[in-house]
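Structure below is target.pdb: PDB, C-alpha atoms.
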ATOM      1  CA  PRO A1007      28.795 -11.228   7.229
ATOM      2  CA  PRO A1008      26.215  -9.170   5.282
ATOM      3  CA  LEU A1009      23.997  -8.710   8.366
ATOM      4  CA  ALA A1010      26.787  -7.814  10.775
ATOM      5  CA  LEU A1011      26.324  -4.465  12.522
ATOM      6  CA  THR A1012      29.208  -2.077  12.865
ATOM      7  CA  LEU A1013      29.551  -0.052  16.039
ATOM      8  CA  THR A1014      28.471   3.054  14.110
ATOM      9  CA  HIS A1015      25.288   1.346  12.921
ATOM     10  CA  ALA A1016      24.493   0.178  16.432
ATOM     11  CA  ILE A1017      24.952   3.689  17.830
ATOM     12  CA  ARG A1018      22.715   5.192  15.161
ATOM     13  CA  LEU A1019      19.993   2.603  15.742
ATOM     14  CA  GLY A1020      20.116   3.338  19.446
ATOM     15  CA  GLN A1021      19.894   7.083  18.817
ATOM     16  CA  ARG A1022      16.965   6.605  16.466
ATOM     17  CA  ALA A1023      15.108   4.521  19.026
ATOM     18  CA  ARG A1024      15.656   7.175  21.704
ATOM     19  CA  VAL A1025      14.462   9.938  19.377
ATOM     20  CA  LEU A1026      11.250   8.075  18.513
ATOM     21  CA  SER A1027      10.594   7.381  22.190
ATOM     22  CA  ALA A1028      11.206  11.033  23.103
ATOM     23  CA  LEU A1029       8.892  12.266  20.367
ATOM     24  CA  ARG A1030       6.083  10.002  21.518
ATOM     25  CA  ALA A1031       6.554  11.193  25.104
ATOM     26  CA  CYS A1032       6.485  14.797  23.864
ATOM     27  CA  PHE A1033       3.128  14.365  22.126
ATOM     28  CA  ASP A1034       1.623  12.160  24.811
ATOM     29  CA  ALA A1035       2.390  14.839  27.416
ATOM     30  CA  ARG A1036       0.479  17.366  25.301
ATOM     31  CA  GLY A1037      -2.652  15.238  25.111
ATOM     32  CA  PHE A1038      -2.187  13.849  21.587
ATOM     33  CA  ILE A1039      -3.403  10.409  20.528
ATOM     34  CA  GLU A1040      -1.097   8.356  18.329
ATOM     35  CA  ILE A1041      -2.753   6.869  15.251
ATOM     36  CA  GLU A1042      -1.468   3.936  13.216
ATOM     37  CA  ALA A1043      -2.503   5.098   9.747
ATOM     38  CA  PRO A1044      -3.365   2.466   7.109
ATOM     39  CA  VAL A1045      -0.442   1.875   4.746
ATOM     40  CA  ALA A1046      -2.409   0.311   1.838
ATOM     41  CA  VAL A1047      -5.039   2.813   0.704
ATOM     42  CA  VAL A1048      -7.471   3.360  -2.166
ATOM     43  CA  SER A1049      -6.164   6.883  -2.830
ATOM     44  CA  PRO A1050      -2.621   7.805  -1.788
ATOM     45  CA  GLY A1051      -3.143  11.566  -2.219
ATOM     46  CA  LEU A1052      -4.048  14.216  -4.745
ATOM     47  CA  GLU A1053      -0.747  16.093  -4.960
ATOM     48  CA  PRO A1054       0.309  16.058  -8.630
ATOM     49  CA  HIS A1055       4.024  16.112  -7.765
ATOM     50  CA  LEU A1056       3.954  12.993  -5.553
ATOM     51  CA  ASP A1057       4.175   9.556  -7.176
ATOM     52  CA  ALA A1058       2.828   6.569  -5.278
ATOM     53  CA  PHE A1059       3.729   2.877  -5.417
ATOM     54  CA  GLU A1060       0.802   0.806  -6.695
ATOM     55  CA  LEU A1061       0.257  -2.630  -5.162
ATOM     56  CA  ARG A1062      -0.467  -5.658  -7.305
ATOM     57  CA  THR A1063      -3.731  -7.173  -6.090
ATOM     58  CA  ASP A1064      -6.590  -9.206  -7.503
ATOM     59  CA  GLY A1065      -9.130  -6.802  -6.015
ATOM     60  CA  PRO A1066      -9.585  -3.018  -6.108
ATOM     61  CA  ARG A1067      -6.542  -0.852  -6.785
ATOM     62  CA  ARG A1068      -4.440  -0.129  -3.724
ATOM     63  CA  PHE A1069      -1.466   2.138  -3.188
ATOM     64  CA  LEU A1070       1.142   2.605  -0.472
ATOM     65  CA  HIS A1071       0.299   5.889   1.189
ATOM     66  CA  THR A1072       2.544   8.909   0.622
ATOM     67  CA  SER A1073       1.604  10.372   4.019
ATOM     68  CA  PRO A1074      -0.895   9.720   6.846
ATOM     69  CA  GLU A1075      -2.714  12.997   6.112
ATOM     70  CA  TYR A1076      -6.049  11.555   4.997
ATOM     71  CA  ALA A1077      -6.344   9.146   7.915
ATOM     72  CA  LEU A1078      -5.548  11.851  10.458
ATOM     73  CA  LYS A1079      -7.944  14.391   8.965
ATOM     74  CA  ARG A1080     -10.766  11.865   8.911
ATOM     75  CA  LEU A1081     -10.324  11.480  12.650
ATOM     76  CA  LEU A1082     -10.340  15.251  13.102
ATOM     77  CA  GLY A1083     -13.617  15.309  11.227
ATOM     78  CA  ALA A1084     -14.951  12.591  13.527
ATOM     79  CA  GLY A1085     -14.301  14.750  16.599
ATOM     80  CA  LEU A1086     -10.762  14.070  17.818
ATOM     81  CA  THR A1087      -8.800  17.280  18.424
ATOM     82  CA  ARG A1088      -5.149  16.210  18.782
ATOM     83  CA  VAL A1089      -3.752  13.332  16.735
ATOM     84  CA  TYR A1090      -0.369  12.313  15.377
ATOM     85  CA  SER A1091       1.194   9.508  13.380
ATOM     86  CA  MET A1092       4.800   8.358  13.187
ATOM     87  CA  GLY A1093       5.458   5.565  10.746
ATOM     88  CA  PRO A1094       6.562   4.505   7.264
ATOM     89  CA  CYS A1095       5.591   6.421   4.125
ATOM     90  CA  PHE A1096       6.397   5.662   0.503
ATOM     91  CA  ARG A1097       7.061   7.883  -2.503
ATOM     92  CA  ASP A1098       8.106   6.483  -5.866
ATOM     93  CA  GLU A1099      10.918   8.912  -6.578
ATOM     94  CA  PRO A1100      14.625   8.238  -7.255
ATOM     95  CA  PRO A1101      16.818   7.913  -4.155
ATOM     96  CA  SER A1102      19.013  10.925  -3.487
ATOM     97  CA  ARG A1103      20.867  12.700  -0.687
ATOM     98  CA  THR A1104      17.558  14.085   0.575
ATOM     99  CA  HIS A1105      15.103  11.322  -0.344
ATOM    100  CA  SER A1106      14.529   7.636   0.262
ATOM    101  CA  PRO A1107      11.560   5.863  -1.412
ATOM    102  CA  GLU A1108      10.632   4.540   2.060
ATOM    103  CA  PHE A1109      11.028   6.818   5.064
ATOM    104  CA  THR A1110       9.569   7.584   8.486
ATOM    105  CA  MET A1111       7.234  10.556   8.712
ATOM    106  CA  LEU A1112       5.956  12.402  11.763
ATOM    107  CA  GLU A1113       2.710  14.283  11.112
ATOM    108  CA  TRP A1114       0.409  15.878  13.660
ATOM    109  CA  TYR A1115      -2.741  18.019  13.847
ATOM    110  CA  ALA A1116      -4.227  20.095  16.666
ATOM    111  CA  ALA A1117      -7.689  21.548  16.107
ATOM    112  CA  GLY A1118      -7.997  25.264  16.822
ATOM    113  CA  LEU A1119      -4.252  25.878  16.997
ATOM    114  CA  ASP A1120      -3.073  29.120  15.400
ATOM    115  CA  LEU A1121       0.174  29.588  13.475
ATOM    116  CA  GLY A1122       2.086  30.824  16.533
ATOM    117  CA  GLY A1123       0.958  27.820  18.545
ATOM    118  CA  LEU A1124       2.070  25.460  15.798
ATOM    119  CA  MET A1125       5.486  27.139  15.758
ATOM    120  CA  ASP A1126       5.733  26.686  19.534
ATOM    121  CA  GLN A1127       4.906  22.995  19.161
ATOM    122  CA  THR A1128       7.468  22.576  16.388
ATOM    123  CA  GLU A1129      10.215  24.085  18.543
ATOM    124  CA  GLY A1130       9.267  21.699  21.342
ATOM    125  CA  VAL A1131       9.376  18.701  19.025
ATOM    126  CA  VAL A1132      12.837  19.602  17.707
ATOM    127  CA  ARG A1133      14.197  20.164  21.212
ATOM    128  CA  ALA A1134      12.744  16.859  22.430
ATOM    129  CA  ALA A1135      14.457  15.003  19.591
ATOM    130  CA  ARG A1136      17.756  16.744  20.268
ATOM    131  CA  ALA A1137      17.634  16.083  24.012
ATOM    132  CA  ALA A1138      17.224  12.361  23.324
ATOM    133  CA  VAL A1139      20.702  12.126  21.776
ATOM    134  CA  GLY A1140      22.628  14.825  23.600
ATOM    135  CA  ARG A1141      22.845  18.519  24.352
ATOM    136  CA  GLY A1142      24.858  21.469  23.155
ATOM    137  CA  PRO A1143      25.186  22.790  19.609
ATOM    138  CA  VAL A1144      24.158  20.756  16.592
ATOM    139  CA  VAL A1145      26.725  20.729  13.785
ATOM    140  CA  TYR A1146      25.328  20.251  10.278
ATOM    141  CA  ARG A1147      27.332  20.895   7.099
ATOM    142  CA  GLY A1148      29.937  22.721   9.126
ATOM    143  CA  LEU A1149      27.416  25.063  10.764
ATOM    144  CA  SER A1150      26.882  25.074  14.523
ATOM    145  CA  THR A1151      23.338  25.722  15.765
ATOM    146  CA  HIS A1152      22.119  26.007  19.357
ATOM    147  CA  ILE A1153      18.736  24.306  19.549
ATOM    148  CA  GLU A1154      18.070  25.869  22.958
ATOM    149  CA  ALA A1155      18.040  29.405  21.510
ATOM    150  CA  PRO A1156      14.699  30.844  20.334
ATOM    151  CA  PHE A1157      13.946  29.931  16.731
ATOM    152  CA  GLU A1158      13.792  32.783  14.242
ATOM    153  CA  ARG A1159      10.359  33.340  12.750
ATOM    154  CA  LEU A1160       9.826  35.136   9.453
ATOM    155  CA  THR A1161       7.216  35.169   6.721
ATOM    156  CA  VAL A1162       7.738  33.534   3.334
ATOM    157  CA  ARG A1163       7.703  36.996   1.775
ATOM    158  CA  ALA A1164      10.418  38.235   4.131
ATOM    159  CA  ALA A1165      12.525  35.153   3.348
ATOM    160  CA  PHE A1166      12.297  35.881  -0.383
ATOM    161  CA  GLN A1167      13.261  39.494   0.140
ATOM    162  CA  ARG A1168      16.189  38.641   2.397
ATOM    163  CA  TYR A1169      17.747  35.699   0.569
ATOM    164  CA  ALA A1170      16.640  36.185  -3.051
ATOM    165  CA  GLY A1171      16.300  39.964  -3.265
ATOM    166  CA  LEU A1172      12.935  39.292  -4.874
ATOM    167  CA  ASP A1173       9.296  39.862  -3.934
ATOM    168  CA  PRO A1174       7.162  37.388  -5.939
ATOM    169  CA  TRP A1175       3.969  39.115  -4.802
ATOM    170  CA  ALA A1176       5.090  42.213  -6.688
ATOM    171  CA  HIS A1177       5.104  40.091  -9.885
ATOM    172  CA  PRO A1178       1.649  38.453 -10.107
ATOM    173  CA  THR A1179       1.984  37.388 -13.762
ATOM    174  CA  VAL A1180       4.276  34.757 -15.273
ATOM    175  CA  PRO A1181       6.083  37.162 -17.659
ATOM    176  CA  SER A1182       6.728  39.635 -14.849
ATOM    177  CA  LEU A1183       8.050  37.018 -12.403
ATOM    178  CA  ALA A1184      10.100  35.302 -15.125
ATOM    179  CA  ALA A1185      11.735  38.602 -16.059
ATOM    180  CA  ALA A1186      12.534  39.368 -12.406
ATOM    181  CA  CYS A1187      14.059  35.910 -11.921
ATOM    182  CA  LYS A1188      16.141  36.230 -15.084
ATOM    183  CA  ALA A1189      17.394  39.671 -14.034
ATOM    184  CA  ARG A1190      18.690  38.170 -10.792
ATOM    185  CA  GLY A1191      20.330  35.200 -12.466
ATOM    186  CA  PHE A1192      17.984  32.452 -11.293
ATOM    187  CA  ARG A1193      17.745  29.405 -13.513
ATOM    188  CA  ASP A1194      14.704  28.883 -15.677
ATOM    189  CA  PRO A1195      12.647  25.795 -14.687
ATOM    190  CA  GLY A1196      11.581  25.472 -18.322
ATOM    191  CA  THR A1197       7.861  25.944 -17.749
ATOM    192  CA  SER A1198       5.374  28.790 -17.996
ATOM    193  CA  ASP A1199       3.873  28.168 -14.554
ATOM    194  CA  TRP A1200       4.043  30.848 -11.843
ATOM    195  CA  ASP A1201       4.297  28.240  -9.078
ATOM    196  CA  ASP A1202       7.247  26.550 -10.784
ATOM    197  CA  LEU A1203       9.118  29.858 -10.944
ATOM    198  CA  PHE A1204       8.287  30.570  -7.308
ATOM    199  CA  PHE A1205       9.516  27.213  -6.019
ATOM    200  CA  GLN A1206      12.613  27.189  -8.227
ATOM    201  CA  VAL A1207      13.810  30.360  -6.492
ATOM    202  CA  PHE A1208      12.772  28.980  -3.110
ATOM    203  CA  LEU A1209      14.746  25.758  -3.595
ATOM    204  CA  ASP A1210      17.840  27.438  -5.039
ATOM    205  CA  ALA A1211      18.168  30.641  -3.028
ATOM    206  CA  ILE A1212      16.168  30.315   0.174
ATOM    207  CA  GLU A1213      15.879  26.786   1.535
ATOM    208  CA  PRO A1214      19.667  26.153   1.726
ATOM    209  CA  LYS A1215      20.082  29.284   3.867
ATOM    210  CA  LEU A1216      17.225  28.890   6.328
ATOM    211  CA  GLY A1217      18.414  28.530   9.900
ATOM    212  CA  GLN A1218      22.075  29.249   9.221
ATOM    213  CA  GLU A1219      22.044  32.305  11.472
TER     214      GLU A1219
END
Can the structure from this file be put into structure tokens for me?
Amino acid sequence: PPLALTLTHAIRLGQRARVLSALRACFDARGFIEIEAPVAVVSPGLEPHLDAFELRTDGPRRFLHTSPEYALKRLLGAGLTRVYSMGPCFRDEPPSRTHSPEFTMLEWYAAGLDLGGLMDQTEGVVRAARAAVGRGPVVYRGLSTHIEAPFERLTVRAAFQRYAGLDPWAHPTVPSLAAACKARGFRDPGTSDWDDLFFQVFLDAIEPKLGQE
């Protein structure tokens, strides 16, 4: 039958439920308040690279939100200091190995937290999710990673220098950065935008290698 669950599906649903429960317990223990962000919003976001689904209504224009960011930040502005949301988000982009038009997003904010504190929280969140479905090394794409070990921390600049052999900050103009990318064999994104060159190298040479050690 079309709705029949295989044993694999049942196991994955059970794991997902345990992960969500563990994440909520993790944030609740740290004094966070969970927020159910509105899904239908007047403005889904201002990021030019994110496309939103528009709802058909007889009234004002409404969109499915691309993230709960606006709702959470409004509450920060109203005086709350630790808030998080875990629920559905929507982005009108083609499905792929790394994207689904509808997906579950976890987003959180803690007022006054510095970068090191945010990294500490992120490690705790990842470990809580892992502990909900088992212990020991995590195997992903043939690589074995021990979640219990301290996470490596490096700057974006150091990541570029290590994995791309390139320092974008040494090339502040488009012609200079484009020439450096071409000399190292990176593909041309086909635009004359510095940010596009920067992120093309990041996506091709850096992101696939992060965490492999």
Selection dump of the PyMOL selection byres ((chain A and resi 1043) around 12), as number ranges by chain: A: 1040-1042, 1044-1047, 1050, 1070-1081, 1089-1095, 1111-1114
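Contact shell of A:Pro1214 at 12 Å (all atoms listed in the file; same-chain neighbours under 2 positions omitted): Tyr1146, Arg1147, Leu1149, Ala1165, Tyr1169, Ala1170, Val1207, Phe1208, Leu1209, Asp1210, Ala1211, Ile1212, Leu1216, Gly1217, Gln1218 and Glu1219 of chain A.
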Please dump the current selection as a PDB file, keeping the file's coordinate frame; keep C-alpha atoms.
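Okay, this is what ended up in again-v7.pdb:
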ATOM      1  CA  TYR A1146      25.328  20.251  10.278  1.00  0.00           C
ATOM      2  CA  ARG A1147      27.332  20.895   7.099  1.00  0.00           C
ATOM      3  CA  LEU A1149      27.416  25.063  10.764  1.00  0.00           C
ATOM      4  CA  ALA A1165      12.525  35.153   3.348  1.00  0.00           C
ATOM      5  CA  TYR A1169      17.747  35.699   0.569  1.00  0.00           C
ATOM      6  CA  ALA A1170      16.640  36.185  -3.051  1.00  0.00           C
ATOM      7  CA  VAL A1207      13.810  30.360  -6.492  1.00  0.00           C
ATOM      8  CA  PHE A1208      12.772  28.980  -3.110  1.00  0.00           C
ATOM      9  CA  LEU A1209      14.746  25.758  -3.595  1.00  0.00           C
ATOM     10  CA  ASP A1210      17.840  27.438  -5.039  1.00  0.00           C
ATOM     11  CA  ALA A1211      18.168  30.641  -3.028  1.00  0.00           C
ATOM     12  CA  ILE A1212      16.168  30.315   0.174  1.00  0.00           C
ATOM     13  CA  LEU A1216      17.225  28.890   6.328  1.00  0.00           C
ATOM     14  CA  GLY A1217      18.414  28.530   9.900  1.00  0.00           C
ATOM     15  CA  GLN A1218      22.075  29.249   9.221  1.00  0.00           C
ATOM     16  CA  GLU A1219      22.044  32.305  11.472  1.00  0.00           C
TER      17      GLU A1219
END
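With distances taken over all atoms listed in the file, A:Pro1174 is the one residue among A:Met1125, A:Ala1186, A:Pro1174, A:Val1048 lying closest to A:Phe1205.
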Residues within 12 Å of (18.2, 37.3, -10.7), counting only C-alpha atoms, listed as a ChimeraX atom specification: /A:1166,1169-1173,1183-1194,1203,1206-1207,1210-1211
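Selection result for the displayed file, with the PyMOL selection byres ((chain A and resi 1143) around 9) as criterion, is Arg1141, Gly1142, Val1144, Val1145, Ser1150, Thr1151, His1152, Ile1153 and Glu1154 of chain A.
Shortest separation to A:Glu1053 among A:Arg1097, A:Gly1020, A:Val1162, A:Trp1175 occurs at residue A:Arg1097, atoms counted being all atoms listed in the file.
Considering the residues A:Leu1086, A:Arg1036, A:Asp1098, A:Thr1110 and counting all atoms listed in the file, A:Phe1059 has its shortest atom-to-atom contact with A:Asp1098.
Here atom CA of A:Phe1096 is placed at a distance of 10.3 Å from atom CA of A:Glu1060.
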Let me have the centre and edge lengths of the axis-aligned box enclosing all listed atoms of stretch 1025-1029 of chain A with 6 Å padding on every side, in Å to one decimal, as JSON.
{"center_x": 11.7, "center_y": 9.8, "center_z": 20.8, "size_x": 17.6, "size_y": 16.9, "size_z": 16.6}
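Going from atom CA of A:Glu1108 over to atom CA of A:Val1139, you cover 23.4 Å.
Computed from the coordinates, the atom CA of A:Leu1026 to atom CA of A:Thr1128 distance equals 15.1 Å.
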Nearby residues (only C-alpha atoms) at most 12 Å from A:Glu1099, same-chain spacing under 4 positions excluded, as a ChimeraX atom specification: /A:1055-1059,1072,1104-1109
